[in-house]
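**Q** Just passing along the structure, written as structure tokens.
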Number of protein chains: 2
Amino acid sequence: MDIEDTLLMIPGPVKVAPRVLRAMSKPMMSHRSPEFGAIYEDCKTLLQEFFMTKNEVVIMSGSGTCAMDAAIGGLMDRDGKIVAATNGKFGERFTEIGDRYGSAIPVNFEWGMPFQPDSIEAAIEDGVKALAMVHNETSVGIINPAETVGKIARKHDLPFVVDGISSIGGNEFLTDAWGIDVAITGSQKCLAVPPGLAVVAVSERAEDRLVEGCGSYYADLRAHIKSARKKPAQTPYTPAVPLFYALQEALHMAKEEGFDVRRKRSQRLAASVRAAAGALGIEIFPVKGEFSEYSNTVTAMKTPSGISDDKLRGGMKKHGIVVSGGQERLKGKIFRIGSMGVCSEGDILRTIQTLEMVLAKEGVIGELGAGVEAACKVLDG
Amino acid sequence: MDIEDTLLMIPGPVKVAPRVLRAMSKPMMSHRSPEFGAIYEDCKTLLQEFFMTKNEVVIMSGSGTCAMDAAIGGLMDRDGKIVAATNGKFGERFTEIGDRYGSAIPVNFEWGMPFQPDSIEAAIEDGVKALAMVHNETSVGIINPAETVGKIARKHDLPFVVDGISSIGGNEFLTDAWGIDVAITGSQKCLAVPPGLAVVAVSERAEDRLVEGCGSYYADLRAHIKSARKKPAQTPYTPAVPLFYALQEALHMAKEEGFDVRRKRSQRLAASVRAAAGALGIEIFPVKGEFSEYSNTVTAMKTPSGISDDKLRGGMKKHGIVVSGGQERLKGKIFRIGSMGVCSEGDILRTIQTLEMVLAKEGVIGELGAGVEAACKVLDG
């Protein structure tokens with residue numbers, strides 16, 4: 001595989017624009033300098049707009065999981081509990097983190113099935129410190145009802161923690177309007193930055209409840225907030241400087257396109273993937289209902305009968321396109337195509353074309369072209 | 001400040017070679033792919049040689065503090081204690097981390113003063129889970145006696161945790177020969193990679209004592225070891241992919257030079273800085289004794305009377321050279337010059353020359369040239 005001639009269509013890390021890659025090749029600087037502080041502050045301002053929030057924004061050097069760890073570890077004490085609504089792998093991660101510091105009350109739905117908000121509300125009991133959910137469950141390509149669950153959190157006066165890692169910037173995500181107290185994203189998703197940074201927007205309501213000395217030392221939200229408010233803005237420990245360069249460049253690039261224009265592009269691209277799947281007889285995996293929507297950022301499809309996961313994804317990779325398989329219990333059963341960040345119409349069409357080629361080779365479809373045609377209709381519409 | 005025309009002489013992040021910066025501009029790849037695994041495994045092999053160890057090596061996406069958090073959080077349980085020998089800021093960090101998860105028994109020496117190994121041994125009591133120290137205390141430019149303290153750890157059957165962040169690759173550091181069970185470095189020091197990765201070498205002895213479910217979820221050493229042993233090698237959460245590209249390139253670059261040749265270069269450069277300081281009447285800050293040595297990687301000097309820290313470092317920055325000040329209680333009292341990684345003789349001479357220029361302007365020294373001359377004698381010797 002020549003990575004410089006490969007199209008990365010997985011739901012993160014995503015393709016990064018050359019100008020963002022080039023931004024990383026600037027020399028290092030002191031992370032305690034005014035120059036670094038200016039980059040941090042510029043990113044914060046743009047990120048507030050990106051998150052649709054007036055809340056404090058902090059940038060952590062770590063993956064999205066680092067920020068999930070910071071949020072739950074910060075809000076829990078060792079006798080505390082969190083309610084974690086789950087319909088995929090990343091929801092389960094909230095449960096694992098809750099159990100690490102206190103205990104989690106998981107509200108489990110089948111992977112890919114919609115939440116039932118009543119069950120989530122019914123799980124709230126004494127000692128619960130936060131309500132947590134994943135907005136866009138990357139593992140199954142479903143959007144969960146953050147606005148609805150947010151109302152439950154508010155009714156019970158619980159901080160509302162939402163993993164928006166593969167969502168913010170690709171799906172509609174209204175941090176303040178939906179009452180999200182801790183909103184999280186990762187650099188390697190809709191921001192189209194390389195992986196390595198996580199962003200957290202924290203409300204005053206949540207900040208007031210962050211507990212001293214519980215949770216991870218490195219992923220300490222209070223310490224990150226305190227440093228971010230210094231003049232110049234800082235991080236508590238040495239940050240991944242080149243990723244800050246990349247984040248700043250990528251935010252400006254997204255702002256030039258328009259955050260909302262980019263979100264609508266993801267929406268259109270995902271719709272075109274679903275249309276192509278329909279035309280090729282491929283089933284969409286997650287179930288759409290009153291409390292769920294198809295993701296704009298990742299489309300999960302059942303692996304068609306007549307072809308193995310290895311042949312499907314291995315075949316596409318031979319032709320220079322990398323798509324994702326299913327995780328854990330969905331291994332071999334689904335495949336996933338990302339449509340976030342700087343993913344283009346051309347990227348989507350090339351991916352569908354290659355998928356058709358591989359399916360035809362294995363005799364899963366007869367003639368070529370139906371998928372691309374269906375996608376084009378959506379993109380052209 | 002034009003960062004592309006500035007010489008970064010702080011003790012990390014350090015100057016990064018252009019070929020390493022360029023390596024980061026490669027496109028992203030899936031972190032679950034064999035291609036990523038191959039990079040990880042190549043780095044591991046070279047890092048074992050770099051650490052002088054046969055132990056398992058894991059790479060974490062986070063700062064050196066992330067690895068310190070992982071080590072202490074992994075070895076402690078909530079009733080556990082760690083003994084942390086301290087003579088600077090980073091030693092104190094071990095105490096803070098110990099107190100986060102259980103309790104720390106700090107053995108405090110004045111910042112910059114040598115350890116007294118007897119006091120460290122005397123602090124060991126029932127319930128102690130590990131003995132921790134910083135080898136090269138970046139905040140004060142001192143090398144602490146890891147070999148001696150390692151013998152104490154072994155005698156009391158305690159896992160020995162050593163922060164080698166600004167040390168490994170610049171000072172002599174014999175992970176296996178000194179019985180270091182958990183050795184830590186950060187990418188932005190002697191490896192001359194941008195900040196954002198931490199490397200941990202873990203002995204079997206320490207691994208056997210890692211506790212399930214204590215410490216940070218993100219900085220979980222067991223999870224990192226488990227993933228690193230997969231084929232292909234992986235990380236438990238999404239890694240900072242471009243920093244892995246940089247690390248691989250930088251390791252090959254260091255290997256081409258020779259790890260030992262590079263270490264001796266650091267030694268020579270630091271000696272030349274001390275010689276220059278002597279010639280300019282500047283006092284070295286740390287105290288050298290039976291149980292301490294001057295650092296090869298960072299030279300801490302007292303701010304000369306007759307000039308303020310602002311004038312000294314601000315003046316140098318105006319001339320394009322960034323050096324560090326003192327941290328916390330040493331703010332305004334010392335300044336520090338790094339000499340690790342790809343730092344060259346030319347970099348050191350330019351720094352000393354600029355220091356002289358600034359000192360002369362403020363009337364601290366009369367004629368120019370004595371510092372450079374003294375440095376040249378060492379470099380030429």
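By order of appearance in the structure tokens: chains A, B, ..., then residues from 1 within every chain, and ligands from 1 in the order shown.
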Give me the chain A side of the contact with chain B, cut-off 6 Å, one line per residue showing its nearest atom pair and distance in Å at one decimal, counting only C-alpha atoms, sorted by chain and residue number, as CSV.
**A**
residue,atom,partner,partner_atom,distance
A:Leu21,CA,B:Ser25,CA,4.7
A:Arg22,CA,B:Ser25,CA,5.8
A:Ser25,CA,B:Leu21,CA,4.7
A:Ser61,CA,B:Gly62,CA,5.8
A:Gly62,CA,B:Gly62,CA,5.5
A:Ser63,CA,B:Thr238,CA,5.8
A:Cys66,CA,B:Tyr218,CA,5.3
A:Arg100,CA,B:Gly213,CA,5.6
A:Pro195,CA,B:Ala240,CA,4.8
A:Gly196,CA,B:Ala240,CA,4.1
A:Gly213,CA,B:Arg100,CA,5.7
A:Ser216,CA,B:Ser216,CA,4.4
A:Tyr218,CA,B:Cys66,CA,5.3
A:Thr238,CA,B:Ser63,CA,5.8
A:Ala240,CA,B:Gly196,CA,4.1
**Q** Would you kindly return, as JSON, numbers by chain, each protein, DNA or RNA residue with an atom no farther than 8 Å from any atom of Met113 of chain A, considering only C-alpha atoms and excluding same-chain residues fewer than 5 positions away?
**A** {"A": [87, 286, 287, 288]}
**Q** I'm after chain A in the frame of chain B: fit it by least squares over all Cα atoms matched in order, and give me the output as a tab-separated table (two decimals) with C-alpha atoms, in the first residue's frame.
**A**
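This went into part.tsv:
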chain	number	residue	atom	x	y	z
A	1	MET	CA	8.71	36.43	16.47
A	2	ASP	CA	9.11	34.45	13.25
A	3	ILE	CA	9.15	30.87	14.46
A	4	GLU	CA	10.80	29.72	11.26
A	5	ASP	CA	13.74	31.98	12.07
A	6	THR	CA	13.97	31.29	15.78
A	7	LEU	CA	16.32	28.92	17.55
A	8	LEU	CA	14.55	26.94	20.27
A	9	MET	CA	17.07	26.23	23.03
A	10	ILE	CA	14.68	25.30	25.82
A	11	PRO	CA	14.84	21.88	27.50
A	12	GLY	CA	11.88	20.63	25.50
A	13	PRO	CA	10.11	20.88	23.15
A	14	VAL	CA	13.42	20.91	21.30
A	15	LYS	CA	14.36	21.76	17.74
A	16	VAL	CA	13.13	19.11	15.31
A	17	ALA	CA	15.06	18.20	12.17
A	18	PRO	CA	13.36	19.18	8.88
A	19	ARG	CA	13.27	15.56	7.71
A	20	VAL	CA	11.32	14.66	10.85
A	21	LEU	CA	8.93	17.59	10.37
A	22	ARG	CA	8.41	16.52	6.77
A	23	ALA	CA	7.61	12.96	7.85
A	24	MET	CA	4.52	14.32	9.61
A	25	SER	CA	3.09	15.65	6.37
A	26	LYS	CA	2.31	12.17	5.04
A	27	PRO	CA	-1.40	11.37	4.76
A	28	MET	CA	-3.18	9.66	7.62
A	29	MET	CA	-3.69	5.91	7.77
A	30	SER	CA	-5.98	3.61	9.70
A	31	HIS	CA	-4.52	2.97	13.14
A	32	ARG	CA	-5.85	-0.59	12.98
A	33	SER	CA	-3.98	-1.41	9.77
A	34	PRO	CA	-0.91	-3.63	9.31
A	35	GLU	CA	0.87	-0.55	7.96
A	36	PHE	CA	0.44	1.29	11.25
A	37	GLY	CA	1.40	-1.84	13.16
A	38	ALA	CA	4.63	-2.05	11.18
A	39	ILE	CA	5.55	1.52	12.15
A	40	TYR	CA	4.79	0.80	15.80
A	41	GLU	CA	6.87	-2.38	15.76
A	42	ASP	CA	9.80	-0.70	14.03
A	43	CYS	CA	9.72	2.06	16.66
A	44	LYS	CA	9.55	-0.49	19.48
A	45	THR	CA	12.64	-2.32	18.29
A	46	LEU	CA	14.67	0.89	18.02
A	47	LEU	CA	13.31	2.18	21.33
A	48	GLN	CA	14.45	-0.96	23.13
A	49	GLU	CA	17.95	-0.19	21.97
A	50	PHE	CA	17.52	3.48	22.87
A	51	PHE	CA	16.38	2.53	26.39
A	52	MET	CA	18.99	-0.25	26.69
A	53	THR	CA	16.29	-2.69	27.63
A	54	LYS	CA	14.76	-6.01	26.66
A	55	ASN	CA	11.50	-5.00	28.36
A	56	GLU	CA	8.20	-4.40	26.63
A	57	VAL	CA	7.98	-0.88	25.18
A	58	VAL	CA	4.70	0.94	24.68
A	59	ILE	CA	4.02	4.30	23.05
A	60	MET	CA	1.27	6.49	24.48
A	61	SER	CA	-0.38	9.47	22.79
A	62	GLY	CA	0.13	12.08	25.46
A	63	SER	CA	2.89	13.97	27.23
A	64	GLY	CA	5.46	12.49	29.59
A	65	THR	CA	3.02	13.25	32.41
A	66	CYS	CA	0.57	10.85	30.77
A	67	ALA	CA	3.15	8.08	31.15
A	68	MET	CA	3.94	9.07	34.75
A	69	ASP	CA	0.19	8.91	35.41
A	70	ALA	CA	0.01	5.49	33.76
A	71	ALA	CA	2.91	4.11	35.80
A	72	ILE	CA	1.80	5.32	39.22
A	73	GLY	CA	-1.92	4.83	38.58
A	74	GLY	CA	-1.19	1.29	37.40
A	75	LEU	CA	0.95	0.23	40.34
A	76	MET	CA	-1.07	1.83	43.13
A	77	ASP	CA	-4.29	0.77	44.65
A	78	ARG	CA	-6.38	3.21	46.64
A	79	ASP	CA	-4.87	2.14	49.93
A	80	GLY	CA	-1.40	2.06	48.43
A	81	LYS	CA	1.51	4.46	48.82
A	82	ILE	CA	4.46	5.45	46.69
A	83	VAL	CA	7.77	6.85	47.85
A	84	ALA	CA	8.72	9.78	45.61
A	85	ALA	CA	12.23	11.23	45.88
A	86	THR	CA	12.12	14.87	44.85
A	87	ASN	CA	14.53	17.69	44.18
A	88	GLY	CA	12.61	19.67	41.59
A	89	LYS	CA	9.26	20.29	39.93
A	90	PHE	CA	8.92	16.96	38.16
A	91	GLY	CA	9.69	14.96	41.27
A	92	GLU	CA	6.86	16.82	42.94
A	93	ARG	CA	4.59	15.70	40.12
A	94	PHE	CA	5.11	12.08	41.21
A	95	THR	CA	3.90	13.10	44.66
A	96	GLU	CA	0.81	14.74	43.20
A	97	ILE	CA	0.00	11.67	41.11
A	98	GLY	CA	0.54	9.37	44.10
A	99	ASP	CA	-1.84	11.45	46.17
A	100	ARG	CA	-4.40	11.33	43.39
A	101	TYR	CA	-4.78	7.54	43.49
A	102	GLY	CA	-3.60	6.61	46.96
A	103	SER	CA	-1.00	8.47	48.96
A	104	ALA	CA	2.52	9.62	48.32
A	105	ILE	CA	5.39	9.63	50.77
A	106	PRO	CA	7.51	12.47	49.43
A	107	VAL	CA	11.19	12.52	50.26
A	108	ASN	CA	11.95	16.14	49.60
A	109	PHE	CA	15.35	17.64	49.03
A	110	GLU	CA	15.89	21.28	48.20
A	111	TRP	CA	15.38	21.96	44.50
A	112	GLY	CA	18.76	21.45	42.86
A	113	MET	CA	20.36	19.71	45.86
A	114	PRO	CA	21.52	16.08	45.64
A	115	PHE	CA	19.45	13.15	46.90
A	116	GLN	CA	20.50	11.49	50.15
A	117	PRO	CA	19.81	7.82	49.39
A	118	ASP	CA	19.63	6.91	53.10
A	119	SER	CA	16.64	9.22	53.58
A	120	ILE	CA	14.90	7.59	50.63
A	121	GLU	CA	15.41	4.13	52.07
A	122	ALA	CA	14.24	5.30	55.51
A	123	ALA	CA	10.91	6.44	54.02
A	124	ILE	CA	9.92	2.94	52.87
A	125	GLU	CA	7.16	1.48	55.03
A	126	ASP	CA	4.34	-1.05	54.86
A	127	GLY	CA	1.90	-0.53	52.04
A	128	VAL	CA	4.41	1.10	49.69
A	129	LYS	CA	3.77	-0.09	46.14
A	130	ALA	CA	6.58	1.61	44.22
A	131	LEU	CA	9.64	3.81	44.49
A	132	ALA	CA	9.67	6.71	42.03
A	133	MET	CA	12.25	9.30	41.03
A	134	VAL	CA	13.21	11.65	38.24
A	135	HIS	CA	16.56	10.86	36.66
A	136	ASN	CA	17.29	14.17	34.97
A	137	GLU	CA	15.37	16.86	36.84
A	138	THR	CA	14.66	19.29	33.98
A	139	SER	CA	13.62	22.06	36.33
A	140	VAL	CA	17.08	22.32	37.93
A	141	GLY	CA	19.53	20.57	35.57
A	142	ILE	CA	20.65	17.82	37.90
A	143	ILE	CA	21.14	14.08	37.34
A	144	ASN	CA	19.96	11.92	40.22
A	145	PRO	CA	21.50	8.56	41.19
A	146	ALA	CA	19.16	6.04	39.55
A	147	GLU	CA	21.57	3.15	39.93
A	148	THR	CA	21.91	3.71	43.69
A	149	VAL	CA	18.21	4.23	44.30
A	150	GLY	CA	17.49	1.22	42.08
A	151	LYS	CA	19.45	-0.98	44.48
A	152	ILE	CA	17.28	0.26	47.36
A	153	ALA	CA	14.13	-0.54	45.36
A	154	ARG	CA	15.39	-4.03	44.59
A	155	LYS	CA	16.40	-4.68	48.21
A	156	HIS	CA	12.85	-3.85	49.32
A	157	ASP	CA	11.26	-5.64	46.36
A	158	LEU	CA	9.58	-2.47	45.09
A	159	PRO	CA	8.94	-1.66	41.43
A	160	PHE	CA	11.31	1.14	40.48
A	161	VAL	CA	9.74	3.92	38.39
A	162	VAL	CA	12.08	6.41	36.75
A	163	ASP	CA	11.10	9.53	34.85
A	164	GLY	CA	13.82	9.57	32.18
A	165	ILE	CA	11.91	12.12	30.12
A	166	SER	CA	14.70	14.64	29.58
A	167	SER	CA	17.38	12.03	30.16
A	168	ILE	CA	17.19	8.90	28.01
A	169	GLY	CA	19.38	9.41	24.97
A	170	GLY	CA	21.23	12.37	26.46
A	171	ASN	CA	22.56	11.04	29.74
A	172	GLU	CA	23.78	7.53	30.48
A	173	PHE	CA	20.60	5.59	31.28
A	174	LEU	CA	20.79	1.83	31.65
A	175	THR	CA	17.22	0.64	32.05
A	176	ASP	CA	17.97	-3.06	32.54
A	177	ALA	CA	21.40	-2.83	34.17
A	178	TRP	CA	20.07	-0.39	36.78
A	179	GLY	CA	16.95	-2.45	37.47
A	180	ILE	CA	14.48	0.18	36.28
A	181	ASP	CA	11.07	-1.44	36.12
A	182	VAL	CA	9.22	1.44	34.52
A	183	ALA	CA	11.33	3.84	32.44
A	184	ILE	CA	9.65	6.81	30.80
A	185	THR	CA	10.58	9.29	28.11
A	186	GLY	CA	8.79	11.97	26.13
A	187	SER	CA	9.04	12.47	22.38
A	188	GLN	CA	10.04	16.14	22.63
A	189	LYS	CA	13.36	15.67	24.42
A	190	CYS	CA	16.39	13.63	23.32
A	191	LEU	CA	14.41	11.88	20.59
A	192	ALA	CA	13.96	15.31	18.95
A	193	VAL	CA	10.39	14.59	17.92
A	194	PRO	CA	7.58	17.11	18.43
A	195	PRO	CA	5.75	16.75	21.74
A	196	GLY	CA	2.72	14.49	21.99
A	197	LEU	CA	4.05	10.98	22.57
A	198	ALA	CA	5.38	9.27	25.67
A	199	VAL	CA	7.32	6.02	25.71
A	200	VAL	CA	7.29	3.55	28.59
A	201	ALA	CA	9.49	0.47	29.03
A	202	VAL	CA	7.93	-1.94	31.53
A	203	SER	CA	9.61	-4.94	33.16
A	204	GLU	CA	7.80	-8.23	33.78
A	205	ARG	CA	8.22	-7.59	37.48
A	206	ALA	CA	6.27	-4.33	37.20
A	207	GLU	CA	3.74	-5.73	34.77
A	208	ASP	CA	2.85	-8.48	37.22
A	209	ARG	CA	1.98	-5.83	39.77
A	210	LEU	CA	-0.19	-3.63	37.60
A	211	VAL	CA	-3.57	-3.49	39.26
A	212	GLU	CA	-6.83	-4.01	37.43
A	213	GLY	CA	-9.09	-1.00	37.30
A	214	CYS	CA	-7.10	1.51	39.34
A	215	GLY	CA	-5.73	4.74	37.91
A	216	SER	CA	-6.69	6.58	34.73
A	217	TYR	CA	-8.80	4.93	32.03
A	218	TYR	CA	-7.01	6.74	29.20
A	219	ALA	CA	-3.51	6.37	30.66
A	220	ASP	CA	-3.92	2.67	31.38
A	221	LEU	CA	-0.62	0.86	31.11
A	222	ARG	CA	-2.15	-2.63	31.00
A	223	ALA	CA	-4.41	-1.67	28.12
A	224	HIS	CA	-1.45	-0.17	26.25
A	225	ILE	CA	0.67	-3.29	26.78
A	226	LYS	CA	-2.14	-5.58	25.66
A	227	SER	CA	-2.68	-3.60	22.45
A	228	ALA	CA	1.04	-3.28	21.73
A	229	ARG	CA	1.35	-7.08	21.78
A	230	LYS	CA	-1.37	-7.59	19.16
A	231	LYS	CA	-0.33	-8.52	15.66
A	232	PRO	CA	-0.29	-5.97	14.09
A	233	ALA	CA	0.69	-3.83	17.08
A	234	GLN	CA	-1.98	-1.35	18.08
A	235	THR	CA	-2.90	1.27	20.62
A	236	PRO	CA	-6.01	0.98	22.80
A	237	TYR	CA	-7.40	4.32	21.56
A	238	THR	CA	-6.78	6.36	18.42
A	239	PRO	CA	-3.10	7.35	18.42
A	240	ALA	CA	-1.53	10.61	17.25
A	241	VAL	CA	-0.60	9.11	13.86
A	242	PRO	CA	1.65	11.94	12.52
A	243	LEU	CA	3.73	11.80	15.67
A	244	PHE	CA	4.32	8.10	15.07
A	245	TYR	CA	5.59	9.02	11.59
A	246	ALA	CA	7.89	11.58	13.19
A	247	LEU	CA	9.08	9.18	15.89
A	248	GLN	CA	9.98	6.52	13.36
A	249	GLU	CA	11.93	8.99	11.23
A	250	ALA	CA	13.68	10.50	14.24
A	251	LEU	CA	14.67	7.11	15.62
A	252	HIS	CA	16.23	6.17	12.29
A	253	MET	CA	18.00	9.50	12.20
A	254	ALA	CA	19.37	9.01	15.71
A	255	LYS	CA	20.35	5.43	14.92
A	256	GLU	CA	22.26	6.66	11.84
A	257	GLU	CA	24.19	9.06	14.05
A	258	GLY	CA	24.53	6.37	16.73
A	259	PHE	CA	22.59	6.58	19.99
A	260	ASP	CA	25.82	6.72	21.94
A	261	VAL	CA	27.39	9.32	19.65
A	262	ARG	CA	24.38	11.52	20.18
A	263	ARG	CA	24.54	11.08	23.94
A	264	LYS	CA	28.21	12.09	23.93
A	265	ARG	CA	27.38	15.10	21.81
A	266	SER	CA	24.85	16.26	24.42
A	267	GLN	CA	27.49	15.72	27.08
A	268	ARG	CA	30.03	17.83	25.17
A	269	LEU	CA	27.50	20.57	24.43
A	270	ALA	CA	26.45	20.86	28.08
A	271	ALA	CA	30.07	20.92	29.17
A	272	SER	CA	30.69	23.78	26.74
A	273	VAL	CA	27.73	25.72	28.17
A	274	ARG	CA	29.10	25.28	31.69
A	275	ALA	CA	32.54	26.38	30.54
A	276	ALA	CA	31.05	29.48	28.95
A	277	ALA	CA	29.07	30.23	32.11
A	278	GLY	CA	32.25	29.96	34.15
A	279	ALA	CA	34.07	32.35	31.84
A	280	LEU	CA	31.19	34.84	32.09
A	281	GLY	CA	30.97	34.64	35.87
A	282	ILE	CA	27.61	32.88	35.84
A	283	GLU	CA	26.98	30.31	38.56
A	284	ILE	CA	25.66	26.83	37.77
A	285	PHE	CA	22.50	26.28	39.81
A	286	PRO	CA	22.44	22.61	40.87
A	287	VAL	CA	24.93	21.19	43.34
A	288	LYS	CA	27.21	18.42	42.16
A	289	GLY	CA	28.16	15.82	44.73
A	290	GLU	CA	28.55	12.15	45.48
A	291	PHE	CA	24.93	11.51	44.48
A	292	SER	CA	24.43	14.03	41.70
A	293	GLU	CA	25.89	15.09	38.38
A	294	TYR	CA	25.39	18.01	36.05
A	295	SER	CA	22.89	17.23	33.33
A	296	ASN	CA	23.99	16.71	29.74
A	297	THR	CA	20.64	17.82	28.45
A	298	VAL	CA	19.84	21.01	30.35
A	299	THR	CA	22.09	23.51	32.06
A	300	ALA	CA	20.47	25.60	34.78
A	301	MET	CA	22.32	28.79	35.70
A	302	LYS	CA	21.63	31.51	38.24
A	303	THR	CA	20.46	34.75	36.69
A	304	PRO	CA	23.50	37.05	37.09
A	305	SER	CA	23.07	40.05	39.35
A	306	GLY	CA	22.71	43.25	37.35
A	307	ILE	CA	20.13	41.83	34.93
A	308	SER	CA	16.53	40.73	35.32
A	309	ASP	CA	15.12	37.50	33.92
A	310	ASP	CA	12.91	39.57	31.61
A	311	LYS	CA	15.87	41.50	30.21
A	312	LEU	CA	17.99	38.37	29.85
A	313	ARG	CA	15.49	36.05	28.20
A	314	GLY	CA	13.51	38.83	26.55
A	315	GLY	CA	16.73	40.23	25.09
A	316	MET	CA	17.79	36.86	23.75
A	317	LYS	CA	14.37	36.27	22.24
A	318	LYS	CA	14.62	39.60	20.39
A	319	HIS	CA	17.75	38.18	18.80
A	320	GLY	CA	15.94	34.98	17.85
A	321	ILE	CA	17.00	32.64	20.65
A	322	VAL	CA	14.51	31.16	23.09
A	323	VAL	CA	15.85	29.87	26.41
A	324	SER	CA	13.85	28.87	29.50
A	325	GLY	CA	13.42	30.57	32.84
A	326	GLY	CA	12.97	28.99	36.23
A	327	GLN	CA	9.70	27.31	37.19
A	328	GLU	CA	7.56	28.12	40.23
A	329	ARG	CA	9.83	28.94	43.20
A	330	LEU	CA	12.77	29.45	40.82
A	331	LYS	CA	10.96	31.95	38.58
A	332	GLY	CA	13.25	34.87	37.87
A	333	LYS	CA	16.17	33.23	39.66
A	334	ILE	CA	17.58	30.86	37.07
A	335	PHE	CA	17.65	30.37	33.34
A	336	ARG	CA	18.09	27.14	31.45
A	337	ILE	CA	19.63	26.11	28.14
A	338	GLY	CA	18.85	22.77	26.52
A	339	SER	CA	21.44	20.63	24.73
A	340	MET	CA	19.62	17.53	23.62
A	341	GLY	CA	18.41	15.81	20.49
A	342	VAL	CA	19.67	17.40	17.29
A	343	CYS	CA	21.06	20.48	19.03
A	344	SER	CA	24.36	21.32	17.31
A	345	GLU	CA	27.64	22.99	18.20
A	346	GLY	CA	26.57	25.94	16.08
A	347	ASP	CA	23.31	26.25	18.03
A	348	ILE	CA	25.22	26.35	21.30
A	349	LEU	CA	27.76	28.89	20.07
A	350	ARG	CA	25.08	31.16	18.65
A	351	THR	CA	23.24	30.94	21.98
A	352	ILE	CA	26.30	31.84	24.02
A	353	GLN	CA	27.19	34.65	21.65
A	354	THR	CA	23.70	36.08	22.02
A	355	LEU	CA	23.82	35.69	25.78
A	356	GLU	CA	27.07	37.67	25.83
A	357	MET	CA	25.55	40.37	23.67
A	358	VAL	CA	22.61	40.76	26.05
A	359	LEU	CA	24.80	40.69	29.17
A	360	ALA	CA	27.13	43.30	27.66
A	361	LYS	CA	24.24	45.58	26.75
A	362	GLU	CA	23.10	45.54	30.38
A	363	GLY	CA	26.66	46.10	31.62
A	364	VAL	CA	26.88	42.70	33.31
A	365	ILE	CA	30.03	41.90	31.35
A	366	GLY	CA	32.52	44.22	29.73
A	367	GLU	CA	34.04	42.71	26.63
A	368	LEU	CA	32.48	40.11	24.40
A	369	GLY	CA	34.04	36.75	23.56
A	370	ALA	CA	35.08	35.04	26.78
A	371	GLY	CA	32.06	32.70	26.85
A	372	VAL	CA	32.37	31.67	23.26
A	373	GLU	CA	36.10	31.11	23.64
A	374	ALA	CA	35.63	28.86	26.66
A	375	ALA	CA	32.90	26.90	24.90
A	376	CYS	CA	35.03	26.47	21.79
A	377	LYS	CA	37.84	24.99	23.85
A	378	VAL	CA	35.50	22.31	25.15
A	379	LEU	CA	33.99	21.61	21.74
A	380	ASP	CA	37.40	21.45	20.13
A	381	GLY	CA	38.95	19.29	22.87
**Q** Pull the strand (DSSP E or B) assignments for segment 18-235 of chain B out of DSSP run on the backbone, and list those residues as a PyMOL selection string.
**A** chain B and resi 56-61+81-86+103-108+128-134+136-137+142-143+160-163+168+171+182-186+197-202
**Q** I need the helix (DSSP H, G or I) residues of segment 25-254 of chain A per DSSP on the backbone, written as a VMD selection string.
**A** chain A and resid 34 to 51 64 to 75 89 to 101 117 to 122 146 to 155 204 to 207 221 to 228 241 to 254
